[in-house]
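Engineer: Take a look at upload03.txt, compact mmCIF, N, CA and C atoms:
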```
# COMPACT_ATOMS: atom_id res chain seq x y z
N LEU A 700 73.82 107.29 82.66
CA LEU A 700 74.77 106.30 82.18
C LEU A 700 75.72 105.98 83.33
N TYR A 701 75.83 104.72 83.65
CA TYR A 701 76.76 104.26 84.67
C TYR A 701 77.95 103.63 83.95
N ILE A 702 79.13 104.22 84.14
CA ILE A 702 80.35 103.69 83.53
C ILE A 702 81.09 102.91 84.59
N SER A 703 81.27 101.64 84.32
CA SER A 703 81.97 100.79 85.30
C SER A 703 83.43 101.18 85.39
N GLY A 704 84.09 100.65 86.39
CA GLY A 704 85.47 101.01 86.68
C GLY A 704 86.39 100.85 85.49
N GLN A 705 87.14 101.89 85.23
CA GLN A 705 88.14 101.90 84.17
C GLN A 705 89.52 101.96 84.80
N ILE A 706 90.41 101.12 84.30
CA ILE A 706 91.79 101.13 84.75
C ILE A 706 92.67 101.56 83.58
N GLY A 707 93.96 101.59 83.80
CA GLY A 707 94.88 102.12 82.79
C GLY A 707 95.24 101.17 81.67
N LEU A 708 94.25 100.47 81.15
CA LEU A 708 94.49 99.58 80.02
C LEU A 708 94.45 100.36 78.71
N ASP A 709 95.45 100.15 77.89
CA ASP A 709 95.48 100.73 76.56
C ASP A 709 94.53 99.90 75.69
N PRO A 710 93.47 100.51 75.16
CA PRO A 710 92.51 99.72 74.37
C PRO A 710 93.11 99.13 73.09
N ALA A 711 94.16 99.73 72.59
CA ALA A 711 94.78 99.22 71.36
C ALA A 711 95.58 97.94 71.61
N THR A 712 96.16 97.81 72.80
CA THR A 712 97.01 96.66 73.08
C THR A 712 96.44 95.73 74.15
N GLY A 713 95.55 96.25 74.98
CA GLY A 713 95.04 95.47 76.11
C GLY A 713 96.01 95.38 77.26
N ASN A 714 97.11 96.12 77.16
CA ASN A 714 98.13 96.12 78.21
C ASN A 714 97.99 97.34 79.11
N MET A 715 98.41 97.16 80.36
CA MET A 715 98.41 98.26 81.32
C MET A 715 99.53 99.23 80.97
N VAL A 716 99.21 100.52 80.95
CA VAL A 716 100.26 101.52 80.73
C VAL A 716 101.09 101.63 82.01
N GLU A 717 102.32 102.08 81.87
CA GLU A 717 103.26 102.13 82.99
C GLU A 717 103.18 103.45 83.75
N GLY A 718 103.28 103.38 85.06
CA GLY A 718 103.40 104.57 85.90
C GLY A 718 102.07 105.22 86.24
N ILE A 719 102.03 105.85 87.39
CA ILE A 719 100.80 106.47 87.87
C ILE A 719 100.31 107.59 86.96
N ASP A 720 101.21 108.44 86.46
CA ASP A 720 100.77 109.55 85.61
C ASP A 720 100.11 109.04 84.34
N ASN A 721 100.74 108.06 83.69
CA ASN A 721 100.16 107.49 82.47
C ASN A 721 98.86 106.76 82.75
N GLN A 722 98.79 106.08 83.89
CA GLN A 722 97.55 105.37 84.21
C GLN A 722 96.40 106.35 84.47
N ILE A 723 96.68 107.43 85.17
CA ILE A 723 95.63 108.42 85.41
C ILE A 723 95.10 108.97 84.08
N GLN A 724 95.99 109.34 83.18
CA GLN A 724 95.58 109.86 81.86
C GLN A 724 94.77 108.81 81.10
N ARG A 725 95.22 107.56 81.14
CA ARG A 725 94.55 106.49 80.41
C ARG A 725 93.17 106.24 80.99
N VAL A 726 93.04 106.25 82.32
CA VAL A 726 91.74 106.04 82.96
C VAL A 726 90.75 107.09 82.48
N PHE A 727 91.15 108.36 82.48
CA PHE A 727 90.22 109.41 82.07
C PHE A 727 89.95 109.36 80.57
N ASN A 728 90.95 108.98 79.78
CA ASN A 728 90.69 108.80 78.34
C ASN A 728 89.74 107.63 78.11
N ASN A 729 89.85 106.57 78.89
CA ASN A 729 88.93 105.45 78.75
C ASN A 729 87.51 105.85 79.15
N LEU A 730 87.37 106.60 80.25
CA LEU A 730 86.05 107.11 80.63
C LEU A 730 85.46 107.97 79.53
N LYS A 731 86.29 108.83 78.95
CA LYS A 731 85.85 109.71 77.87
C LYS A 731 85.37 108.91 76.67
N ALA A 732 86.10 107.85 76.31
CA ALA A 732 85.72 107.03 75.16
C ALA A 732 84.38 106.33 75.39
N VAL A 733 84.15 105.83 76.59
CA VAL A 733 82.87 105.18 76.89
C VAL A 733 81.74 106.20 76.84
N ALA A 734 81.96 107.37 77.42
CA ALA A 734 80.93 108.42 77.39
C ALA A 734 80.59 108.79 75.95
N GLU A 735 81.62 108.99 75.12
CA GLU A 735 81.38 109.38 73.73
C GLU A 735 80.69 108.27 72.94
N ALA A 736 81.00 107.02 73.25
CA ALA A 736 80.33 105.90 72.57
C ALA A 736 78.83 105.88 72.89
N ALA A 737 78.46 106.45 74.03
CA ALA A 737 77.05 106.54 74.43
C ALA A 737 76.40 107.83 73.97
N GLY A 738 77.13 108.64 73.20
CA GLY A 738 76.58 109.90 72.71
C GLY A 738 76.66 111.02 73.72
N ALA A 739 77.55 110.89 74.69
CA ALA A 739 77.68 111.90 75.75
C ALA A 739 79.12 112.42 75.76
N SER A 740 79.44 113.18 76.80
CA SER A 740 80.81 113.64 77.01
C SER A 740 81.05 113.65 78.51
N LEU A 741 82.28 113.86 78.90
CA LEU A 741 82.58 113.93 80.33
C LEU A 741 81.90 115.12 80.99
N ALA A 742 81.44 116.09 80.21
CA ALA A 742 80.70 117.22 80.77
C ALA A 742 79.37 116.77 81.37
N ASN A 743 78.89 115.59 80.98
CA ASN A 743 77.65 115.04 81.52
C ASN A 743 77.85 114.33 82.86
N THR A 744 79.08 114.25 83.33
CA THR A 744 79.39 113.53 84.56
C THR A 744 78.89 114.30 85.78
N VAL A 745 78.16 113.58 86.64
CA VAL A 745 77.69 114.19 87.89
C VAL A 745 78.38 113.60 89.12
N LYS A 746 78.96 112.40 88.99
CA LYS A 746 79.62 111.75 90.12
C LYS A 746 80.72 110.85 89.60
N ILE A 747 81.86 110.91 90.25
CA ILE A 747 82.99 110.05 89.91
C ILE A 747 83.59 109.50 91.19
N ASN A 748 83.93 108.23 91.16
CA ASN A 748 84.64 107.58 92.26
C ASN A 748 86.02 107.21 91.75
N VAL A 749 87.03 107.57 92.51
CA VAL A 749 88.42 107.28 92.15
C VAL A 749 88.99 106.38 93.23
N TYR A 750 89.55 105.27 92.81
CA TYR A 750 90.17 104.30 93.71
C TYR A 750 91.67 104.35 93.48
N LEU A 751 92.42 104.55 94.55
CA LEU A 751 93.87 104.67 94.46
C LEU A 751 94.55 103.70 95.42
N VAL A 752 95.59 103.06 94.93
CA VAL A 752 96.41 102.21 95.79
C VAL A 752 97.17 103.08 96.78
N ASP A 753 97.53 104.30 96.37
CA ASP A 753 98.25 105.24 97.23
C ASP A 753 97.56 106.59 97.17
N LEU A 754 96.87 106.97 98.26
CA LEU A 754 96.14 108.24 98.27
C LEU A 754 97.05 109.45 98.11
N ALA A 755 98.34 109.28 98.26
CA ALA A 755 99.28 110.39 98.03
C ALA A 755 99.22 110.86 96.57
N ASN A 756 98.67 110.03 95.68
CA ASN A 756 98.56 110.40 94.26
C ASN A 756 97.28 111.17 93.94
N PHE A 757 96.48 111.48 94.96
CA PHE A 757 95.22 112.18 94.69
C PHE A 757 95.44 113.56 94.09
N ALA A 758 96.50 114.25 94.45
CA ALA A 758 96.78 115.56 93.84
C ALA A 758 96.98 115.42 92.34
N LYS A 759 97.60 114.34 91.90
CA LYS A 759 97.78 114.10 90.46
C LYS A 759 96.43 113.86 89.79
N VAL A 760 95.54 113.17 90.48
CA VAL A 760 94.19 112.95 89.95
C VAL A 760 93.48 114.29 89.80
N ASN A 761 93.60 115.16 90.80
CA ASN A 761 92.97 116.48 90.72
C ASN A 761 93.47 117.27 89.51
N GLU A 762 94.77 117.23 89.28
CA GLU A 762 95.35 117.93 88.11
C GLU A 762 94.76 117.40 86.82
N ALA A 763 94.66 116.10 86.70
CA ALA A 763 94.11 115.50 85.48
C ALA A 763 92.64 115.83 85.31
N MET A 764 91.89 115.78 86.42
CA MET A 764 90.46 116.07 86.33
C MET A 764 90.20 117.47 85.79
N ALA A 765 91.03 118.42 86.16
CA ALA A 765 90.87 119.79 85.68
C ALA A 765 91.02 119.87 84.16
N LYS A 766 91.74 118.94 83.57
CA LYS A 766 91.92 118.91 82.12
C LYS A 766 90.80 118.18 81.40
N PHE A 767 90.15 117.22 82.07
CA PHE A 767 89.14 116.38 81.43
C PHE A 767 87.71 116.81 81.70
N PHE A 768 87.47 117.50 82.83
CA PHE A 768 86.11 117.85 83.21
C PHE A 768 85.96 119.35 83.29
N PRO A 769 84.87 119.89 82.72
CA PRO A 769 84.62 121.34 82.82
C PRO A 769 84.04 121.68 84.19
N GLN A 770 84.16 122.94 84.57
CA GLN A 770 83.53 123.41 85.80
C GLN A 770 82.04 123.59 85.54
N PRO A 771 81.18 123.39 86.49
CA PRO A 771 81.49 122.93 87.83
C PRO A 771 81.86 121.44 87.79
N TYR A 772 82.91 121.08 88.50
CA TYR A 772 83.39 119.71 88.48
C TYR A 772 82.35 118.78 89.10
N PRO A 773 82.34 117.53 88.65
CA PRO A 773 81.39 116.58 89.25
C PRO A 773 81.75 116.27 90.70
N ALA A 774 80.76 115.83 91.45
CA ALA A 774 81.02 115.35 92.80
C ALA A 774 81.97 114.17 92.67
N ARG A 775 82.82 113.99 93.68
CA ARG A 775 83.75 112.87 93.58
C ARG A 775 84.09 112.34 94.96
N ALA A 776 84.56 111.12 94.94
CA ALA A 776 85.05 110.48 96.15
C ALA A 776 86.38 109.83 95.81
N ALA A 777 87.28 109.84 96.75
CA ALA A 777 88.56 109.16 96.60
C ALA A 777 88.63 108.07 97.66
N ILE A 778 88.90 106.87 97.21
CA ILE A 778 88.90 105.72 98.09
C ILE A 778 90.26 105.02 98.02
N ALA A 779 90.83 104.71 99.15
CA ALA A 779 92.07 103.94 99.18
C ALA A 779 91.73 102.48 98.97
N ALA A 780 92.47 101.82 98.09
CA ALA A 780 92.26 100.41 97.79
C ALA A 780 93.56 99.65 98.01
N ALA A 781 93.47 98.53 98.68
CA ALA A 781 94.67 97.72 98.93
C ALA A 781 95.23 97.17 97.62
N ALA A 782 94.34 96.85 96.69
CA ALA A 782 94.76 96.32 95.40
C ALA A 782 93.65 96.58 94.38
N LEU A 783 94.04 96.71 93.13
CA LEU A 783 93.10 96.92 92.03
C LEU A 783 93.36 95.87 90.95
N PRO A 784 92.40 95.66 90.05
CA PRO A 784 92.57 94.65 89.01
C PRO A 784 93.84 94.85 88.19
N ARG A 785 94.48 93.75 87.85
CA ARG A 785 95.65 93.71 86.97
C ARG A 785 96.82 94.57 87.48
N GLY A 786 96.85 94.80 88.77
CA GLY A 786 97.94 95.58 89.35
C GLY A 786 97.83 97.07 89.09
N ALA A 787 96.64 97.54 88.71
CA ALA A 787 96.44 98.96 88.45
C ALA A 787 96.74 99.79 89.69
N LEU A 788 97.16 101.02 89.46
CA LEU A 788 97.43 101.96 90.55
C LEU A 788 96.25 102.88 90.79
N VAL A 789 95.36 102.98 89.79
CA VAL A 789 94.20 103.86 89.87
C VAL A 789 93.06 103.25 89.06
N GLU A 790 91.85 103.49 89.53
CA GLU A 790 90.64 103.07 88.82
C GLU A 790 89.59 104.13 89.06
N ALA A 791 88.70 104.33 88.11
CA ALA A 791 87.61 105.30 88.30
C ALA A 791 86.35 104.80 87.62
N ASP A 792 85.22 105.08 88.26
CA ASP A 792 83.93 104.83 87.63
C ASP A 792 83.16 106.14 87.67
N ALA A 793 82.10 106.23 86.90
CA ALA A 793 81.40 107.51 86.80
C ALA A 793 79.91 107.31 86.55
N VAL A 794 79.14 108.34 86.93
CA VAL A 794 77.72 108.41 86.65
C VAL A 794 77.51 109.67 85.81
N LEU A 795 76.87 109.51 84.67
CA LEU A 795 76.57 110.64 83.78
C LEU A 795 75.07 110.78 83.63
N VAL A 796 74.62 112.00 83.48
CA VAL A 796 73.21 112.26 83.20
C VAL A 796 73.13 112.68 81.74
N LEU A 797 72.34 111.92 80.98
CA LEU A 797 72.19 112.19 79.56
C LEU A 797 70.89 112.93 79.30
N ASP A 798 70.91 113.74 78.28
CA ASP A 798 69.72 114.45 77.84
C ASP A 798 68.81 113.43 77.17
N ALA A 799 67.63 113.21 77.73
CA ALA A 799 66.71 112.20 77.21
C ALA A 799 66.36 112.47 75.74
N ALA A 800 66.31 113.73 75.34
CA ALA A 800 65.99 114.07 73.95
C ALA A 800 67.11 113.69 73.01
N ALA A 801 68.34 113.62 73.52
CA ALA A 801 69.49 113.34 72.66
C ALA A 801 69.77 111.85 72.50
N THR A 802 69.13 111.02 73.32
CA THR A 802 69.42 109.59 73.26
C THR A 802 68.36 108.82 72.53
```
Once more with this new file: its structure as structure tokens, please.
Structural biologist:
Amino acid sequence: LYISGQIGLDPATGNMVEGIDNQIQRVFNNLKAVAEAAGASLANTVKINVYLVDLANFAKVNEAMAKFFPQPYPARAAIAAAALPRGALVEADAVLVLDAAAT
């Protein structure tokens, strides 16, 4: 399952949540919701790409990932981005491997 880039949009309102901490949480919650809609979980994640306007926030991403992903953590890349959609501060996409018998 390839999950396209998720930004800090609140699905209930369609508005961007405020601040880097809230956006990071929202991004991972959005990834989780897409995974669950496909019958998977974030535990199925094998690769994640994180795009940050400010790479100084990568430590905050690491803290959040420890709460959302079980060990062993998926492979990941952090990429500095000059700008992201809708003024987002963070975006992430993911690749999950699903159990063929479960789908």
Engineer: Let me make sure I understand: among A:Phe727, A:Leu751, A:Ile778, A:Ala732, which one has the smallest atom-to-atom distance to A:Ala763 if we use only C-alpha atoms?
Structural biologist: A:Phe727
Engineer: Can you tell me, as a list in words, what residues are no more than 12 Å from stretch 709-717 of chain A when counting only C-alpha atoms, ignoring any on the same chain fewer than 2 positions away?
Structural biologist: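 My reading of the contact set: Gln705, Ile706, Gly707, Ile719, Asp720, Asn721, Gln722, Ile723, Gln724, Arg725, Val726, Phe727, Asn728, Asn729, Leu730, Ala732, Val733, Pro784, Arg785, Gly786, Ala787, Leu788, Val789 and Glu790 of chain A.
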Engineer: How many Å separate atom CA of A:Asp798 from atom CA of A:Ala736?
Structural biologist: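 Atom CA of A:Ala736 lies at a distance of 14.6 Å from atom CA of A:Asp798.
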Engineer: At what distance in Å, to one decimal, does atom CA of A:Arg775 lie from atom CA of A:Ile747?
Structural biologist: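 Computing it gives 4.7 Å between the two atoms.
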Engineer: Apply DSSP to the backbone of this structure and, from chain A, keep only the residues in strand (DSSP E); write these as a list of chain:residue names.
Structural biologist: A:Tyr701, A:Ile702, A:Ser703, A:Gly704, A:Gln705, A:Thr744, A:Val745, A:Lys746, A:Ile747, A:Asn748, A:Val749, A:Tyr750, A:Leu751, A:Ala774, A:Arg775, A:Ala776, A:Ala777, A:Ile778, A:Ala779, A:Val789, A:Glu790, A:Ala791, A:Asp792, A:Ala793, A:Val794, A:Leu795
Engineer: Which residues in chain A does DSSP call helix (DSSP H, G or I)? List them as a PyMOL selection string.
Structural biologist: chain A and resi 719-736+741-743+754-767+784-786
Engineer: Mind rebuilding stretch 708-729 of chain A with N, CA, C and O atoms and writing that out as a short mmCIF file (atom, residue, chain, number, x, y, z; two decimals), in the coordinates of the input?
Structural biologist:
```
data_model
loop_
_atom_site.label_atom_id
_atom_site.label_comp_id
_atom_site.auth_asym_id
_atom_site.auth_seq_id
_atom_site.Cartn_x
_atom_site.Cartn_y
_atom_site.Cartn_z
N LEU A 708 94.25 100.47 81.15
CA LEU A 708 94.49 99.58 80.02
C LEU A 708 94.45 100.36 78.71
O LEU A 708 93.51 101.11 78.46
N ASP A 709 95.45 100.15 77.89
CA ASP A 709 95.48 100.73 76.56
C ASP A 709 94.53 99.90 75.69
O ASP A 709 94.76 98.71 75.51
N PRO A 710 93.47 100.51 75.16
CA PRO A 710 92.51 99.72 74.37
C PRO A 710 93.11 99.13 73.09
O PRO A 710 92.61 98.13 72.58
N ALA A 711 94.16 99.73 72.59
CA ALA A 711 94.78 99.22 71.36
C ALA A 711 95.58 97.94 71.61
O ALA A 711 95.64 97.07 70.74
N THR A 712 96.16 97.81 72.80
CA THR A 712 97.01 96.66 73.08
C THR A 712 96.44 95.73 74.15
O THR A 712 96.85 94.57 74.24
N GLY A 713 95.55 96.25 74.98
CA GLY A 713 95.04 95.47 76.11
C GLY A 713 96.01 95.38 77.26
O GLY A 713 95.77 94.67 78.23
N ASN A 714 97.11 96.12 77.16
CA ASN A 714 98.13 96.12 78.21
C ASN A 714 97.99 97.34 79.11
O ASN A 714 97.55 98.40 78.67
N MET A 715 98.41 97.16 80.36
CA MET A 715 98.41 98.26 81.32
C MET A 715 99.53 99.23 80.97
O MET A 715 100.65 98.81 80.68
N VAL A 716 99.21 100.52 80.95
CA VAL A 716 100.26 101.52 80.73
C VAL A 716 101.09 101.63 82.01
O VAL A 716 100.63 101.29 83.10
N GLU A 717 102.32 102.08 81.87
CA GLU A 717 103.26 102.13 82.99
C GLU A 717 103.18 103.45 83.75
O GLU A 717 103.04 104.50 83.15
N GLY A 718 103.28 103.38 85.06
CA GLY A 718 103.40 104.57 85.90
C GLY A 718 102.07 105.22 86.24
O GLY A 718 101.12 105.16 85.47
N ILE A 719 102.03 105.85 87.39
CA ILE A 719 100.80 106.47 87.87
C ILE A 719 100.31 107.59 86.96
O ILE A 719 99.12 107.68 86.67
N ASP A 720 101.21 108.44 86.46
CA ASP A 720 100.77 109.55 85.61
C ASP A 720 100.11 109.04 84.34
O ASP A 720 99.04 109.53 83.94
N ASN A 721 100.74 108.06 83.69
CA ASN A 721 100.16 107.49 82.47
C ASN A 721 98.86 106.76 82.75
O ASN A 721 97.93 106.82 81.95
N GLN A 722 98.79 106.08 83.89
CA GLN A 722 97.55 105.37 84.21
C GLN A 722 96.40 106.35 84.47
O GLN A 722 95.28 106.12 84.04
N ILE A 723 96.68 107.43 85.17
CA ILE A 723 95.63 108.42 85.41
C ILE A 723 95.10 108.97 84.08
O ILE A 723 93.89 109.05 83.86
N GLN A 724 95.99 109.34 83.18
CA GLN A 724 95.58 109.86 81.86
C GLN A 724 94.77 108.81 81.10
O GLN A 724 93.75 109.12 80.50
N ARG A 725 95.22 107.56 81.14
CA ARG A 725 94.55 106.49 80.41
C ARG A 725 93.17 106.24 80.99
O ARG A 725 92.20 106.02 80.25
N VAL A 726 93.04 106.25 82.32
CA VAL A 726 91.74 106.04 82.96
C VAL A 726 90.75 107.09 82.48
O VAL A 726 89.63 106.77 82.08
N PHE A 727 91.15 108.36 82.48
CA PHE A 727 90.22 109.41 82.07
C PHE A 727 89.95 109.36 80.57
O PHE A 727 88.83 109.64 80.12
N ASN A 728 90.95 108.98 79.78
CA ASN A 728 90.69 108.80 78.34
C ASN A 728 89.74 107.63 78.11
O ASN A 728 88.88 107.70 77.21
N ASN A 729 89.85 106.57 78.89
CA ASN A 729 88.93 105.45 78.75
C ASN A 729 87.51 105.85 79.15
O ASN A 729 86.55 105.49 78.47
#
```
